[in-house]
Amino acid sequence: MHTKTIDFSRYSSIKIGQPTEVLIIEKGDTIPTDRYLIGGANNLLISPTPPPLMMLGKDFATIELKGDILTIGASMPTGRIVSFARKSDLAGFEFFAKLPGMLGGMLAMNAGVKSYEIFNILESIEIDGKWIPKEDIEYGYRFAHLGGIATRARFKVKEGFSQELLDDLVALRSNQPKDPSAGSAFKNPVGDAAGRLIEAVGLKGERKGDMAWSEIHANFLVNLGDGSFKDAKYLIELAKELVYQEFGIKLQEEIKIL
C-alpha cells in the first residue's frame, strides 16, 4: 500500500481536476472503508474538494483462462481484455472495445453498449474477498449495488470472437465528440434519450466558460480547453432543471461527481 499523486486535469477523461493524493491498494493490503474507489477516471468529474480516494494497483490487473472460466482482475484495462478475447477466440467481450477504463468501473455501473451489458456475460464477482454470484447482486440499467470493493470477476466463456461485431460497435462512436468528456453525462430515461431531451430544451451547444453540451451529441459534456468543475456543474444542473420544467423528467447522472 502506498500513495501516489495523480493530476486529474491530465488523468481524467474530461481533463478536469487537480493533483490529488490517491492511495494505491495492492494484493494482501487491507482495503480501507473510508475512501472512494476510482479506476481509469473515465466517468468522473473531480471537484476541488474530493473525498479521500484510492485505486487498485497492478496486482489486480490480471487475466486467466481455465477451461471455460475467465477470471479478470478489477484493474485490468478494457483494451487488454479485448486483445485477450481476440487472441483466445472468446465471444461476448467485443463491446468492451467501445468502453474505455478498467473492469472494476464497468462492474460498478453495469456498463454496456445498446443491448450489450457486462452483467449479461458475468458469472460472479469477488467482493471484499468473497465470490458473489451475479444473481445475488442487485443490478440494472447502468447500476450495480456491489456492497463492497470488487477485486475480480468470473465469466463463463465460449468460443467465437467476432471482429465484425466489434467493428460495428466501434462505428457507433462516429456520433460521439472527440473533445475530452466523461462519456454520457446522464442515463437515458425509460423510453427516451437524454441527448434528445437536452437538445429539446435548447441546450445542445450551450457553453459556459470552456465547458459545453456537445454540438455532436447533446448528452456529452465536453471540455473545449480549460474547462472548470464549476462550469461543468452549472451545465449539469441547468440541464436537469430545464428538462424537468419542460418534460417533468428527472435526469439521473451517469457521470460520477466527487
# chains A, B, ... in the order shown; residues from 1 in each chain; ligands from 1

$ residues_around --residues "Glu254 of chain A" --least-positions-apart "4" --cutoff "10 Å" --atoms "only C-alpha atoms" --output "VMD selection string"
chain A and resid 43 to 44 109 142 to 143 182 to 188

$ residues_around --residues "Lys230 of chain A" --least-positions-apart "5" --cutoff "12 Å" --atoms "only C-alpha atoms" --output "list in words"
Ile16, Gly17, Leu45, Ile46, Ser47, Pro48, Thr49, Lys208, Gly209, Asp210, Met211, Leu235, Ile236, Glu237 and Ile257 of chain A

$ atom_distance --atom1 "atom CA of Ile31 of chain A" --atom2 "atom CA of Gly140 of chain A"
26.3 Å

$ closest_residue --among "A:Ile127, A:Ala171, A:Ile25, A:Ala150" --to "Gly105 of chain A" --atoms "only C-alpha atoms"
A:Ala150

$ residues_around --residues "Val157 of chain A" --least-positions-apart "6" --cutoff "7 Å" --atoms "only C-alpha atoms" --output "list in words"
Asp68, Ile69, Leu70, Leu90 and Ala91 of chain A

$ closest_residue --among "A:Glu123, A:Glu241, A:Asp167, A:Glu138" --to "Leu203 of chain A" --atoms "only C-alpha atoms"
A:Glu241

$ select_by_dssp --residues "segment 8-249 of chain A" --states "strand (DSSP E)" --output "PyMOL selection string"
chain A and resi 19-25+36-38+44-45+53-56+63-66+69-73+112-113+116-117+122-127+130-133+138-140+143-145+150-156+181-184+207-208+211-213+220-223

$ closest_residue --among "A:Trp131, A:Tyr141, A:Tyr36, A:Tyr11" --to "Arg154 of chain A" --atoms "only C-alpha atoms"
A:Trp131

$ closest_residue --among "A:Lys250, A:Lys58, A:Lys178, A:Lys15" --to "Ile216 of chain A" --atoms "only C-alpha atoms"
A:Lys178

$ closest_residue --among "A:Gln252, A:Ser228, A:Asn223, A:Ser115" --to "Ala194 of chain A" --atoms "only C-alpha atoms"
A:Gln252

$ residues_around --residues "Ala41 of chain A" --least-positions-apart "3" --cutoff "7 Å" --atoms "only C-alpha atoms" --output "compact mmCIF listing (two decimals) with N, CA and C atoms, in the first residue's frame"
# COMPACT_ATOMS: atom_id res chain seq x y z
N SER A 12 -7.94 12.25 -15.84
CA SER A 12 -9.36 12.01 -16.10
C SER A 12 -9.70 12.28 -17.56
N SER A 13 -10.69 11.57 -18.06
CA SER A 13 -11.04 11.70 -19.47
C SER A 13 -11.62 13.07 -19.80
N ILE A 38 -11.59 4.62 -7.16
CA ILE A 38 -11.66 5.08 -8.54
C ILE A 38 -10.88 4.11 -9.42
N LEU A 44 -15.61 10.27 -14.36
CA LEU A 44 -15.52 11.05 -13.13
C LEU A 44 -15.39 12.54 -13.40

$ residues_around --residues "Met76 of chain A" --least-positions-apart "4" --cutoff "8 Å" --atoms "only C-alpha atoms" --output "PDB file with N, CA and C atoms, in the first residue's frame"
ATOM      1  N   PHE A  60      -3.871  -6.213  -9.370  1.00  0.00           N
ATOM      2  CA  PHE A  60      -5.244  -6.584  -9.733  1.00  0.00           C
ATOM      3  C   PHE A  60      -5.481  -6.489 -11.241  1.00  0.00           C
ATOM      4  N   ALA A  61      -4.406  -6.283 -12.002  1.00  0.00           N
ATOM      5  CA  ALA A  61      -4.516  -6.256 -13.467  1.00  0.00           C
ATOM      6  C   ALA A  61      -4.134  -7.629 -14.009  1.00  0.00           C
ATOM      7  N   THR A  62      -4.991  -8.613 -13.743  1.00  0.00           N
ATOM      8  CA  THR A  62      -4.707  -9.998 -14.110  1.00  0.00           C
ATOM      9  C   THR A  62      -5.812 -10.556 -14.999  1.00  0.00           C
ATOM     10  N   ILE A  63      -5.454 -11.559 -15.782  1.00  0.00           N
ATOM     11  CA  ILE A  63      -6.450 -12.249 -16.608  1.00  0.00           C
ATOM     12  C   ILE A  63      -5.991 -13.700 -16.777  1.00  0.00           C
ATOM     13  N   ILE A  72     -10.815 -12.244 -14.328  1.00  0.00           N
ATOM     14  CA  ILE A  72     -10.157 -10.979 -14.666  1.00  0.00           C
ATOM     15  C   ILE A  72     -10.089 -10.094 -13.432  1.00  0.00           C
ATOM     16  N   ARG A  80      -7.041  -4.319 -22.999  1.00  0.00           N
ATOM     17  CA  ARG A  80      -6.282  -5.563 -22.862  1.00  0.00           C
ATOM     18  C   ARG A  80      -7.218  -6.771 -22.780  1.00  0.00           C
ATOM     19  N   ILE A  81      -8.421  -6.562 -22.234  1.00  0.00           N
ATOM     20  CA  ILE A  81      -9.404  -7.651 -22.192  1.00  0.00           C
ATOM     21  C   ILE A  81      -9.842  -8.010 -23.613  1.00  0.00           C
ATOM     22  N   MET A 102     -11.393   0.569 -16.864  1.00  0.00           N
ATOM     23  CA  MET A 102     -10.984  -0.706 -16.288  1.00  0.00           C
ATOM     24  C   MET A 102     -12.204  -1.543 -15.927  1.00  0.00           C
ATOM     25  N   LEU A 103     -11.973  -2.828 -15.714  1.00  0.00           N
ATOM     26  CA  LEU A 103     -13.076  -3.743 -15.441  1.00  0.00           C
ATOM     27  C   LEU A 103     -13.873  -3.326 -14.207  1.00  0.00           C
ATOM     28  N   GLY A 104     -13.194  -2.885 -13.156  1.00  0.00           N
ATOM     29  CA  GLY A 104     -13.891  -2.528 -11.926  1.00  0.00           C
ATOM     30  C   GLY A 104     -14.957  -1.473 -12.132  1.00  0.00           C
TER      31      GLY A 104
END

$ closest_residue --among "A:Pro19, A:Pro52, A:Gly248, A:Gly112" --to "Gly92 of chain A" --atoms "only C-alpha atoms"
A:Gly112

$ select_by_dssp --residues "segment 24-245 of chain A" --states "helix (DSSP H, G or I)" --output "ChimeraX atom specification"
/A:58-60,78-88,94-98,103-109,118-121,134-136,163-175,194-200,229-245

$ residues_around --residues "Gly129 of chain A" --least-positions-apart "4" --cutoff "12 Å" --atoms "only C-alpha atoms" --output "PyMOL selection string"
chain A and resi 27-31+125+148-153

$ write_last_selection --atoms "C-alpha atoms" --output "PDB file, in the first residue's frame"
ATOM      1  CA  LYS A  27      -2.768  -7.683  -3.187  1.00  0.00           C
ATOM      2  CA  GLY A  28      -2.765  -8.526   0.531  1.00  0.00           C
ATOM      3  CA  ASP A  29      -3.468  -4.970   1.665  1.00  0.00           C
ATOM      4  CA  THR A  30      -6.413  -4.254   3.922  1.00  0.00           C
ATOM      5  CA  ILE A  31      -8.792  -2.169   1.836  1.00  0.00           C
ATOM      6  CA  ILE A 125     -17.704 -11.073  -8.639  1.00  0.00           C
ATOM      7  CA  GLY A 148     -18.210  -3.594  -1.264  1.00  0.00           C
ATOM      8  CA  ILE A 149     -14.982  -3.476  -3.266  1.00  0.00           C
ATOM      9  CA  ALA A 150     -14.827  -5.664  -6.382  1.00  0.00           C
ATOM     10  CA  THR A 151     -11.355  -7.110  -6.951  1.00  0.00           C
ATOM     11  CA  ARG A 152     -12.000  -9.827  -9.576  1.00  0.00           C
ATOM     12  CA  ALA A 153     -14.780 -11.163 -11.777  1.00  0.00           C
TER      13      ALA A 153
END
